[in-house]
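Peer 1: Sharing data-v9.pdb (PDB, C-alpha atoms) below.
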ATOM      1  CA  MET A 225       1.240  -9.934  17.023
ATOM      2  CA  ALA A 226       1.135  -6.167  16.578
ATOM      3  CA  LYS A 227      -1.953  -4.414  17.888
ATOM      4  CA  ASN A 228      -2.992  -3.226  14.427
ATOM      5  CA  LYS A 229      -2.851  -6.799  13.142
ATOM      6  CA  ILE A 230      -5.424  -8.171  15.575
ATOM      7  CA  PRO A 231      -8.065  -9.872  13.409
ATOM      8  CA  ASP A 232     -11.719  -8.888  13.378
ATOM      9  CA  LEU A 233     -13.193 -12.084  14.803
ATOM     10  CA  PRO A 234     -16.848 -13.221  14.955
ATOM     11  CA  GLY A 235     -18.340 -13.348  18.442
ATOM     12  CA  LYS A 236     -18.616 -17.150  18.389
ATOM     13  CA  THR A 237     -14.916 -17.440  17.584
ATOM     14  CA  VAL A 238     -14.048 -15.177  20.514
ATOM     15  CA  GLU A 239     -16.212 -17.379  22.759
ATOM     16  CA  ARG A 240     -14.332 -20.488  21.642
ATOM     17  CA  LEU A 241     -10.945 -18.802  22.134
ATOM     18  CA  SER A 242     -11.921 -17.991  25.713
ATOM     19  CA  GLN A 243     -13.010 -21.601  26.222
ATOM     20  CA  TYR A 244      -9.777 -22.878  24.681
ATOM     21  CA  ARG A 245      -7.782 -20.814  27.139
ATOM     22  CA  ARG A 246      -9.736 -22.182  30.097
ATOM     23  CA  VAL A 247      -9.103 -25.751  28.941
ATOM     24  CA  LEU A 248      -5.432 -24.957  28.312
ATOM     25  CA  TYR A 249      -5.001 -23.607  31.846
ATOM     26  CA  ASN A 250      -6.458 -26.870  33.161
ATOM     27  CA  SER A 251      -4.015 -28.812  30.977
ATOM     28  CA  ILE A 252      -1.062 -26.912  32.451
ATOM     29  CA  GLU A 253      -2.277 -27.797  35.946
ATOM     30  CA  GLU A 254      -2.237 -31.426  34.847
ATOM     31  CA  GLY A 255       1.421 -31.073  33.841
ATOM     32  CA  LYS A 256       0.989 -30.907  30.067
ATOM     33  CA  THR A 257       3.216 -28.628  27.972
ATOM     34  CA  ASN A 258       1.870 -29.429  24.499
ATOM     35  CA  ILE A 259      -1.514 -30.358  23.101
ATOM     36  CA  TYR A 260      -2.812 -31.594  19.737
ATOM     37  CA  SER A 261      -5.842 -30.200  17.939
ATOM     38  CA  HIS A 262      -7.732 -33.481  18.327
ATOM     39  CA  GLU A 263      -7.141 -33.429  22.102
ATOM     40  CA  LEU A 264      -8.379 -29.849  22.393
ATOM     41  CA  ALA A 265     -11.343 -30.639  20.162
ATOM     42  CA  LYS A 266     -12.358 -33.625  22.309
ATOM     43  CA  MET A 267     -12.285 -31.508  25.482
ATOM     44  CA  MET A 268     -14.449 -28.884  23.801
ATOM     45  CA  ASN A 269     -16.854 -31.211  21.957
ATOM     46  CA  LEU A 270     -15.677 -29.718  18.662
ATOM     47  CA  THR A 271     -14.014 -31.112  15.562
ATOM     48  CA  PRO A 272     -10.224 -30.886  15.085
ATOM     49  CA  VAL A 273     -10.932 -28.973  11.860
ATOM     50  CA  GLN A 274     -12.813 -26.286  13.820
ATOM     51  CA  VAL A 275      -9.970 -25.962  16.313
ATOM     52  CA  ARG A 276      -7.336 -25.637  13.602
ATOM     53  CA  ARG A 277      -9.474 -23.121  11.710
ATOM     54  CA  ASP A 278      -9.921 -20.940  14.816
ATOM     55  CA  LEU A 279      -6.237 -20.973  15.652
ATOM     56  CA  MET A 280      -5.222 -20.260  12.079
ATOM     57  CA  LEU A 281      -7.440 -17.164  12.229
ATOM     58  CA  ILE A 282      -5.247 -15.769  15.002
ATOM     59  CA  GLY A 283      -2.055 -16.773  13.216
ATOM     60  CA  TYR A 284      -1.051 -19.803  15.262
ATOM     61  CA  SER A 285      -0.140 -23.245  13.989
ATOM     62  CA  GLY A 286       1.384 -26.189  15.767
ATOM     63  CA  SER A 287       3.801 -28.873  14.630
ATOM     64  CA  GLN A 288       2.783 -32.344  13.500
ATOM     65  CA  SER A 289       5.161 -33.930  15.975
ATOM     66  CA  LYS A 290       4.422 -31.874  19.098
ATOM     67  CA  GLY A 291       1.103 -30.122  18.477
ATOM     68  CA  TYR A 292       0.573 -26.710  20.094
ATOM     69  CA  VAL A 293       2.810 -25.251  22.801
ATOM     70  CA  ILE A 294       0.257 -24.561  25.515
ATOM     71  CA  LYS A 295       1.920 -21.548  27.156
ATOM     72  CA  ASP A 296       2.498 -19.867  23.786
ATOM     73  CA  LEU A 297      -1.088 -20.442  22.750
ATOM     74  CA  ILE A 298      -2.437 -19.062  26.036
ATOM     75  CA  ALA A 299      -0.280 -15.959  25.619
ATOM     76  CA  LEU A 300      -1.473 -15.379  22.052
ATOM     77  CA  ILE A 301      -5.136 -15.846  22.944
ATOM     78  CA  GLY A 302      -4.669 -13.306  25.735
ATOM     79  CA  GLN A 303      -3.062 -10.874  23.314
ATOM     80  CA  ILE A 304      -6.018 -11.263  20.957
ATOM     81  CA  ILE A 305      -9.035 -11.126  23.266
ATOM     82  CA  ASP A 306      -7.817  -9.225  26.341
ATOM     83  CA  SER A 307      -7.750  -5.469  26.708
ATOM     84  CA  GLU A 308      -4.183  -4.226  27.065
ATOM     85  CA  GLU A 309      -5.102  -2.050  30.058
ATOM     86  CA  GLY A 310      -7.612  -4.521  31.478
ATOM     87  CA  GLU A 311     -11.343  -4.019  32.042
ATOM     88  CA  LYS A 312     -13.254  -3.375  35.256
ATOM     89  CA  ILE A 313     -16.606  -5.035  35.915
ATOM     90  CA  ALA A 314     -19.583  -4.164  38.122
ATOM     91  CA  VAL A 315     -22.094  -6.699  39.409
ATOM     92  CA  VAL A 316     -25.548  -5.249  40.088
ATOM     93  CA  GLY A 317     -27.665  -7.325  42.460
ATOM     94  CA  MET A 318     -26.107  -9.077  45.440
ATOM     95  CA  GLY A 319     -28.578 -11.897  45.867
ATOM     96  CA  ASN A 320     -27.397 -15.502  45.783
ATOM     97  CA  LEU A 321     -26.479 -15.353  42.090
ATOM     98  CA  GLY A 322     -24.647 -12.037  42.306
ATOM     99  CA  ARG A 323     -22.661 -13.225  45.306
ATOM    100  CA  ALA A 324     -21.817 -16.511  43.610
ATOM    101  CA  ILE A 325     -20.600 -14.775  40.441
ATOM    102  CA  THR A 326     -18.502 -12.289  42.416
ATOM    103  CA  SER A 327     -16.983 -14.963  44.634
ATOM    104  CA  TYR A 328     -16.236 -17.295  41.719
ATOM    105  CA  PHE A 329     -14.809 -14.754  39.297
ATOM    106  CA  THR A 330     -12.652 -12.647  41.602
ATOM    107  CA  GLY A 331      -9.004 -13.324  40.725
ATOM    108  CA  LYS A 332      -9.807 -15.641  37.807
ATOM    109  CA  ARG A 333      -8.424 -13.380  35.046
ATOM    110  CA  GLU A 334      -5.592 -10.871  35.184
ATOM    111  CA  LYS A 335      -7.200  -8.502  32.656
ATOM    112  CA  LEU A 336     -10.750  -8.641  34.057
ATOM    113  CA  SER A 337     -11.577  -7.552  37.588
ATOM    114  CA  ILE A 338     -14.785  -6.965  39.517
ATOM    115  CA  ALA A 339     -14.233  -3.458  40.872
ATOM    116  CA  ALA A 340     -17.633  -2.774  42.448
ATOM    117  CA  VAL A 341     -20.921  -4.450  43.313
ATOM    118  CA  PHE A 342     -24.302  -2.846  43.939
ATOM    119  CA  ASP A 343     -27.521  -3.582  45.795
ATOM    120  CA  ASN A 344     -30.456  -1.672  47.308
ATOM    121  CA  ASP A 345     -30.462  -3.592  50.608
ATOM    122  CA  PRO A 346     -28.940  -1.444  53.409
ATOM    123  CA  GLN A 347     -27.724  -4.603  55.134
ATOM    124  CA  LYS A 348     -25.492  -5.355  52.127
ATOM    125  CA  THR A 349     -24.251  -1.895  51.175
ATOM    126  CA  ASP A 350     -21.247  -0.019  52.587
ATOM    127  CA  ARG A 351     -19.415  -3.273  53.257
ATOM    128  CA  ILE A 352     -17.074  -5.687  51.500
ATOM    129  CA  ILE A 353     -18.661  -8.698  49.790
ATOM    130  CA  SER A 354     -16.339 -11.401  48.434
ATOM    131  CA  GLY A 355     -13.483  -8.913  48.586
ATOM    132  CA  VAL A 356     -15.329  -6.196  46.615
ATOM    133  CA  PRO A 357     -16.893  -2.947  47.899
ATOM    134  CA  CYS A 358     -20.717  -3.029  47.803
ATOM    135  CA  HIS A 359     -22.431   0.288  47.078
ATOM    136  CA  HIS A 360     -26.070   1.311  47.086
ATOM    137  CA  VAL A 361     -27.552   1.189  43.599
ATOM    138  CA  ASN A 362     -28.275   4.931  43.870
ATOM    139  CA  GLN A 363     -24.496   5.459  43.660
ATOM    140  CA  LEU A 364     -24.227   3.398  40.484
ATOM    141  CA  LYS A 365     -23.483   6.182  38.015
ATOM    142  CA  GLU A 366     -21.051   7.944  40.330
ATOM    143  CA  VAL A 367     -19.021   4.812  41.101
ATOM    144  CA  ILE A 368     -19.025   3.447  37.548
ATOM    145  CA  GLN A 369     -17.730   6.697  36.118
ATOM    146  CA  LYS A 370     -15.218   7.235  38.926
ATOM    147  CA  GLU A 371     -13.800   3.717  38.561
ATOM    148  CA  ASN A 372     -14.017   3.779  34.741
ATOM    149  CA  ILE A 373     -16.052   0.551  34.726
ATOM    150  CA  GLN A 374     -17.011  -0.565  31.210
ATOM    151  CA  ILE A 375     -18.869  -3.846  31.823
ATOM    152  CA  ALA A 376     -21.816  -4.702  34.081
ATOM    153  CA  VAL A 377     -23.300  -8.038  35.115
ATOM    154  CA  LEU A 378     -27.028  -7.737  35.807
ATOM    155  CA  THR A 379     -28.486 -10.122  38.410
ATOM    156  CA  VAL A 380     -31.396  -8.104  39.804
ATOM    157  CA  ALA A 381     -35.030  -9.127  40.228
ATOM    158  CA  PRO A 382     -37.058  -9.173  36.981
ATOM    159  CA  GLU A 383     -39.185  -6.196  37.971
ATOM    160  CA  ALA A 384     -36.073  -4.058  38.476
ATOM    161  CA  THR A 385     -34.300  -5.063  35.267
ATOM    162  CA  HIS A 386     -35.387  -2.278  32.933
ATOM    163  CA  ASN A 387     -34.870   0.455  35.509
ATOM    164  CA  VAL A 388     -31.372  -0.735  36.426
ATOM    165  CA  ALA A 389     -30.467  -1.236  32.771
ATOM    166  CA  LYS A 390     -31.458   2.386  32.118
ATOM    167  CA  MET A 391     -29.220   3.471  34.994
ATOM    168  CA  LEU A 392     -26.330   1.519  33.483
ATOM    169  CA  LEU A 393     -26.864   3.134  30.090
ATOM    170  CA  ASP A 394     -27.025   6.566  31.736
ATOM    171  CA  ALA A 395     -23.693   5.740  33.371
ATOM    172  CA  GLU A 396     -22.323   5.092  29.849
ATOM    173  CA  ILE A 397     -21.614   1.403  30.415
ATOM    174  CA  LYS A 398     -20.339  -0.296  27.239
ATOM    175  CA  GLY A 399     -21.202  -3.945  27.844
ATOM    176  CA  ILE A 400     -23.968  -5.746  29.768
ATOM    177  CA  LEU A 401     -24.184  -9.426  30.679
ATOM    178  CA  ASN A 402     -27.845  -9.961  31.506
ATOM    179  CA  TYR A 403     -28.571 -12.878  33.862
ATOM    180  CA  THR A 404     -32.180 -11.862  34.434
ATOM    181  CA  SER A 405     -35.218 -13.429  32.745
ATOM    182  CA  VAL A 406     -36.150 -10.092  31.146
ATOM    183  CA  PRO A 407     -34.816  -9.460  27.613
ATOM    184  CA  LEU A 408     -33.216  -6.065  27.052
ATOM    185  CA  THR A 409     -32.862  -3.693  24.136
ATOM    186  CA  VAL A 410     -29.759  -1.493  24.110
ATOM    187  CA  PRO A 411     -28.267   1.110  21.742
ATOM    188  CA  GLU A 412     -25.995  -0.072  18.939
ATOM    189  CA  ASN A 413     -22.897   1.185  20.748
ATOM    190  CA  VAL A 414     -23.569  -1.066  23.761
ATOM    191  CA  HIS A 415     -22.741  -4.772  23.624
ATOM    192  CA  LEU A 416     -25.309  -7.106  25.175
ATOM    193  CA  GLU A 417     -25.009 -10.760  26.155
ATOM    194  CA  GLU A 418     -28.121 -12.434  27.551
ATOM    195  CA  TYR A 419     -27.819 -15.636  29.542
ATOM    196  CA  ASP A 420     -31.110 -17.492  29.205
ATOM    197  CA  ILE A 421     -31.113 -20.499  31.536
ATOM    198  CA  VAL A 422     -34.697 -21.447  30.585
ATOM    199  CA  THR A 423     -33.826 -21.767  26.899
ATOM    200  CA  SER A 424     -30.709 -23.782  27.751
ATOM    201  CA  LEU A 425     -32.693 -26.174  29.940
ATOM    202  CA  GLU A 426     -35.462 -26.515  27.342
ATOM    203  CA  LYS A 427     -32.827 -27.352  24.737
ATOM    204  CA  LEU A 428     -31.371 -30.034  27.006
ATOM    205  CA  ALA A 429     -34.856 -31.411  27.788
ATOM    206  CA  PHE A 430     -35.550 -31.713  24.066
ATOM    207  CA  LEU A 431     -32.258 -33.511  23.442
ATOM    208  CA  VAL A 432     -32.769 -35.846  26.378
ATOM    209  CA  LYS A 433     -36.272 -36.886  25.319
ATOM    210  CA  LYS A 434     -34.899 -37.900  21.904
TER     211      LYS A 434
END
Written as structure tokens, that's how I'd like the structure from this file.
Peer 2:
Amino acid sequence: MAKNKIPDLPGKTVERLSQYRRVLYNSIEEGKTNIYSHELAKMMNLTPVQVRRDLMLIGYSGSQSKGYVIKDLIALIGQIIDSEEGEKIAVVGMGNLGRAITSYFTGKREKLSIAAVFDNDPQKTDRIISGVPCHHVNQLKEVIQKENIQIAVLTVAPEATHNVAKMLLDAEIKGILNYTSVPLTVPENVHLEEYDIVTSLEKLAFLVKK
């Protein structure tokens, strides 16, 4: 698909495409080469209609006899949602969560890489953590601009959230994934994703009690 033909997709569709790709990678590891929409839908707790609709949006359709070719579908999803040059990520806050995210994600995606991590604890800075250089948070702007980092994952303490978010905006970061319990407000040109574990658990508690 030519770059200028990449569709303008809703955020929820992009989320599902990313999830499809993860499931498809797992299917390859299991030795599968093809997959049907109903199989993919079952793995994702979706309907086959939703799966087919999403894949039609990116211009891919399978055959009735063989379904989707997994490797081709993975390649197309990558072409749609990945940056051609790749994107660098910073993780701010090297507590248990920050370390876990860095350790888990490193090497998971070719086009996304954690290039730097930050903390204010001298015992953590100026060393390598999970294969990534850890800098003092005071160096945040300098390192982010030097490394051309566009995305930041925020895992700091609640009381530090607003201050660190301001530092990220001053460093001209373009996307923030907020894992803290403090909601943020950002300019229109900055993309924000907030992971709210309390809301997710309350939703599950409500469903369970029913």
Peer 1: Find the residues near Pro357 of chain A: any atom within 9 Å, counting all atoms listed in the file, skip ones fewer than 4 places away on the same chain, and give them as a list in words.
Peer 2: Ala339, Ala340, Val341, Phe342, Thr349, Asp350, Arg351, Ile352 and Ile353 of chain A
Peer 1: Would you translate the PyMOL selection byres ((chain A and resi 354) around 12) into the concrete set of residues it matches in this file, as number ranges by chain?
Peer 2: A: 315, 318, 322-331, 338-341, 348, 351-353, 355-358
Peer 1: Write to file, as a PDB file, in the coordinates of the input, the residues of the selection just made, with C-alpha atoms.
Peer 2:
ATOM      1  CA  VAL A 315     -22.094  -6.699  39.409  1.00  0.00           C
ATOM      2  CA  MET A 318     -26.107  -9.077  45.440  1.00  0.00           C
ATOM      3  CA  GLY A 322     -24.647 -12.037  42.306  1.00  0.00           C
ATOM      4  CA  ARG A 323     -22.661 -13.225  45.306  1.00  0.00           C
ATOM      5  CA  ALA A 324     -21.817 -16.511  43.610  1.00  0.00           C
ATOM      6  CA  ILE A 325     -20.600 -14.775  40.441  1.00  0.00           C
ATOM      7  CA  THR A 326     -18.502 -12.289  42.416  1.00  0.00           C
ATOM      8  CA  SER A 327     -16.983 -14.963  44.634  1.00  0.00           C
ATOM      9  CA  TYR A 328     -16.236 -17.295  41.719  1.00  0.00           C
ATOM     10  CA  PHE A 329     -14.809 -14.754  39.297  1.00  0.00           C
ATOM     11  CA  THR A 330     -12.652 -12.647  41.602  1.00  0.00           C
ATOM     12  CA  GLY A 331      -9.004 -13.324  40.725  1.00  0.00           C
ATOM     13  CA  ILE A 338     -14.785  -6.965  39.517  1.00  0.00           C
ATOM     14  CA  ALA A 339     -14.233  -3.458  40.872  1.00  0.00           C
ATOM     15  CA  ALA A 340     -17.633  -2.774  42.448  1.00  0.00           C
ATOM     16  CA  VAL A 341     -20.921  -4.450  43.313  1.00  0.00           C
ATOM     17  CA  LYS A 348     -25.492  -5.355  52.127  1.00  0.00           C
ATOM     18  CA  ARG A 351     -19.415  -3.273  53.257  1.00  0.00           C
ATOM     19  CA  ILE A 352     -17.074  -5.687  51.500  1.00  0.00           C
ATOM     20  CA  ILE A 353     -18.661  -8.698  49.790  1.00  0.00           C
ATOM     21  CA  GLY A 355     -13.483  -8.913  48.586  1.00  0.00           C
ATOM     22  CA  VAL A 356     -15.329  -6.196  46.615  1.00  0.00           C
ATOM     23  CA  PRO A 357     -16.893  -2.947  47.899  1.00  0.00           C
ATOM     24  CA  CYS A 358     -20.717  -3.029  47.803  1.00  0.00           C
TER      25      CYS A 358
END
Peer 1: Pick the closest to Arg333 of chain A from A:Pro382, A:Gly317, A:Arg246, A:Gln369: which is it, counting only C-alpha atoms?
Peer 2: A:Arg246
Peer 1: Find the residues around Asp278 of chain A up to 9 Å (all atoms listed in the file counted), leave out those fewer than 5 positions away in its own chain, and share them as a PyMOL selection string.
Peer 2: chain A and resi 237+240-241+273+284
Peer 1: Between atom CA of Leu401 of chain A and atom CA of Thr423 of chain A, what is the spacing in Å?
Peer 2: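 A separation of 16.1 Å between them.
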Peer 1: Which one is closest to Ile298 of chain A: A:Lys365, A:Lys390, A:His415, A:Arg245? Count only C-alpha atoms.
Peer 2: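 Using only C-alpha atoms, Ile298 of chain A sits closest to A:Arg245.
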Peer 1: Hey, which of A:Arg277, A:Lys370, A:Lys335, A:Lys290 ends up closest to Ile305 of chain A? Count all atoms listed in the file.
Peer 2: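 Closest residue, counting all atoms listed in the file: A:Lys335.
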Peer 1: Quick one: of A:Leu393, A:Gln303, A:Leu425, A:Ser285, who's nearest to Glu412 of chain A, counting all atoms listed in the file?
Peer 2: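 Using all atoms listed in the file, Glu412 of chain A sits closest to A:Leu393.
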Peer 1: How many Å separate atom CA of Thr404 of chain A from atom CA of Phe430 of chain A?
Peer 2: 22.6 Å
Peer 1: Excluding Gly399 of chain A and its own-chain neighbours fewer than 3 positions away, which residues fall within 6 Å of it when counting only C-alpha atoms? Please give them as a PyMOL selection string.
Peer 2: chain A and resi 375+414-416
Peer 1: Point out the residue among A:Leu378, A:Val361, A:Ile294, A:Ile282 with the least atom-to-atom distance to Asp343 of chain A, counting all atoms listed in the file.
Peer 2: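 Among the listed residues, A:Val361 lies closest to Asp343 of chain A.
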Peer 1: Nearest to Ser287 of chain A among A:Ile313, A:Pro346, A:Tyr260, A:Met268, with distances taken over only C-alpha atoms: which residue is it?
Peer 2: A:Tyr260
Peer 1: Using only C-alpha atoms, collect all residues at a distance of at most 12 Å from (-8.0, -30.2, 24.9) as written in the file, then present them as number ranges by chain.
Peer 2: A: 243-252, 254, 256-272, 275, 291-292, 294
Peer 1: Please provide as an MDAnalysis selection string all residues within 12 Å of Glu383 of chain A, with the sequence filter that same-chain residues fewer than 4 positions apart are discarded (counting all atoms listed in the file).
Peer 2: chainID A and resid 379 387:389 404:407
Peer 1: Could you tell me how far atom CA of Glu366 of chain A lies from atom CA of Ala314 of chain A, in Å and to one decimal?
Peer 2: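 Interatomic distance, atom CA of Glu366 of chain A to atom CA of Ala314 of chain A: 12.4 Å.
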Peer 1: Under the PyMOL selection byres ((chain A and resi 306) around 12), which residues of this model are included? Write them out as an MDAnalysis selection string.
Peer 2: chainID A and resid 227 230 238 241:242 245 298:305 307:312 333:337
Peer 1: Can you sort out segment 367-394 of chain A so it carries N, CA and C atoms, written as a short mmCIF file (atom, residue, chain, number, x, y, z; two decimals), in the frame of the given file?
Peer 2:
data_model
loop_
_atom_site.label_atom_id
_atom_site.label_comp_id
_atom_site.auth_asym_id
_atom_site.auth_seq_id
_atom_site.Cartn_x
_atom_site.Cartn_y
_atom_site.Cartn_z
N VAL A 367 -20.11 5.77 40.92
CA VAL A 367 -19.02 4.81 41.10
C VAL A 367 -18.51 4.29 39.76
N ILE A 368 -19.43 3.98 38.85
CA ILE A 368 -19.02 3.45 37.55
C ILE A 368 -18.15 4.44 36.80
N GLN A 369 -18.53 5.70 36.83
CA GLN A 369 -17.73 6.70 36.12
C GLN A 369 -16.42 6.99 36.84
N LYS A 370 -16.44 7.00 38.16
CA LYS A 370 -15.22 7.24 38.93
C LYS A 370 -14.21 6.12 38.71
N GLU A 371 -14.68 4.88 38.70
CA GLU A 371 -13.80 3.72 38.56
C GLU A 371 -13.53 3.35 37.11
N ASN A 372 -14.16 4.07 36.18
CA ASN A 372 -14.02 3.78 34.74
C ASN A 372 -14.39 2.33 34.44
N ILE A 373 -15.54 1.91 34.94
CA ILE A 373 -16.05 0.55 34.73
C ILE A 373 -16.78 0.51 33.38
N GLN A 374 -16.45 -0.46 32.55
CA GLN A 374 -17.01 -0.56 31.21
C GLN A 374 -18.06 -1.67 31.06
N ILE A 375 -18.03 -2.65 31.96
CA ILE A 375 -18.87 -3.85 31.82
C ILE A 375 -19.69 -4.05 33.10
N ALA A 376 -20.96 -4.43 32.93
CA ALA A 376 -21.82 -4.70 34.08
C ALA A 376 -22.48 -6.07 33.93
N VAL A 377 -22.57 -6.78 35.05
CA VAL A 377 -23.30 -8.04 35.12
C VAL A 377 -24.59 -7.77 35.88
N LEU A 378 -25.73 -8.08 35.26
CA LEU A 378 -27.03 -7.74 35.81
C LEU A 378 -27.68 -8.97 36.41
N THR A 379 -27.89 -8.97 37.73
CA THR A 379 -28.49 -10.12 38.41
C THR A 379 -29.62 -9.68 39.34
N VAL A 380 -30.33 -8.64 38.96
CA VAL A 380 -31.40 -8.10 39.80
C VAL A 380 -32.70 -8.86 39.58
N ALA A 381 -33.71 -8.52 40.39
CA ALA A 381 -35.03 -9.13 40.23
C ALA A 381 -35.64 -8.68 38.90
N PRO A 382 -36.49 -9.51 38.29
CA PRO A 382 -37.06 -9.17 36.98
C PRO A 382 -37.72 -7.81 36.94
N GLU A 383 -38.46 -7.46 37.98
CA GLU A 383 -39.18 -6.20 37.97
C GLU A 383 -38.26 -4.97 38.01
N ALA A 384 -37.01 -5.18 38.40
CA ALA A 384 -36.07 -4.06 38.48
C ALA A 384 -35.16 -3.98 37.25
N THR A 385 -35.27 -4.94 36.36
CA THR A 385 -34.30 -5.06 35.27
C THR A 385 -34.25 -3.83 34.37
N HIS A 386 -35.39 -3.40 33.88
CA HIS A 386 -35.39 -2.28 32.93
C HIS A 386 -34.89 -0.99 33.58
N ASN A 387 -35.29 -0.76 34.82
CA ASN A 387 -34.87 0.46 35.51
C ASN A 387 -33.35 0.47 35.74
N VAL A 388 -32.82 -0.67 36.18
CA VAL A 388 -31.37 -0.74 36.43
C VAL A 388 -30.60 -0.68 35.11
N ALA A 389 -31.13 -1.31 34.08
CA ALA A 389 -30.47 -1.24 32.77
C ALA A 389 -30.39 0.21 32.28
N LYS A 390 -31.46 0.97 32.51
CA LYS A 390 -31.46 2.39 32.12
C LYS A 390 -30.39 3.15 32.91
N MET A 391 -30.25 2.83 34.18
CA MET A 391 -29.22 3.47 34.99
C MET A 391 -27.82 3.15 34.46
N LEU A 392 -27.63 1.91 34.03
CA LEU A 392 -26.33 1.52 33.48
C LEU A 392 -26.04 2.27 32.18
N LEU A 393 -27.05 2.40 31.34
CA LEU A 393 -26.86 3.13 30.09
C LEU A 393 -26.59 4.61 30.36
N ASP A 394 -27.27 5.17 31.36
CA ASP A 394 -27.02 6.57 31.74
C ASP A 394 -25.60 6.75 32.27
#
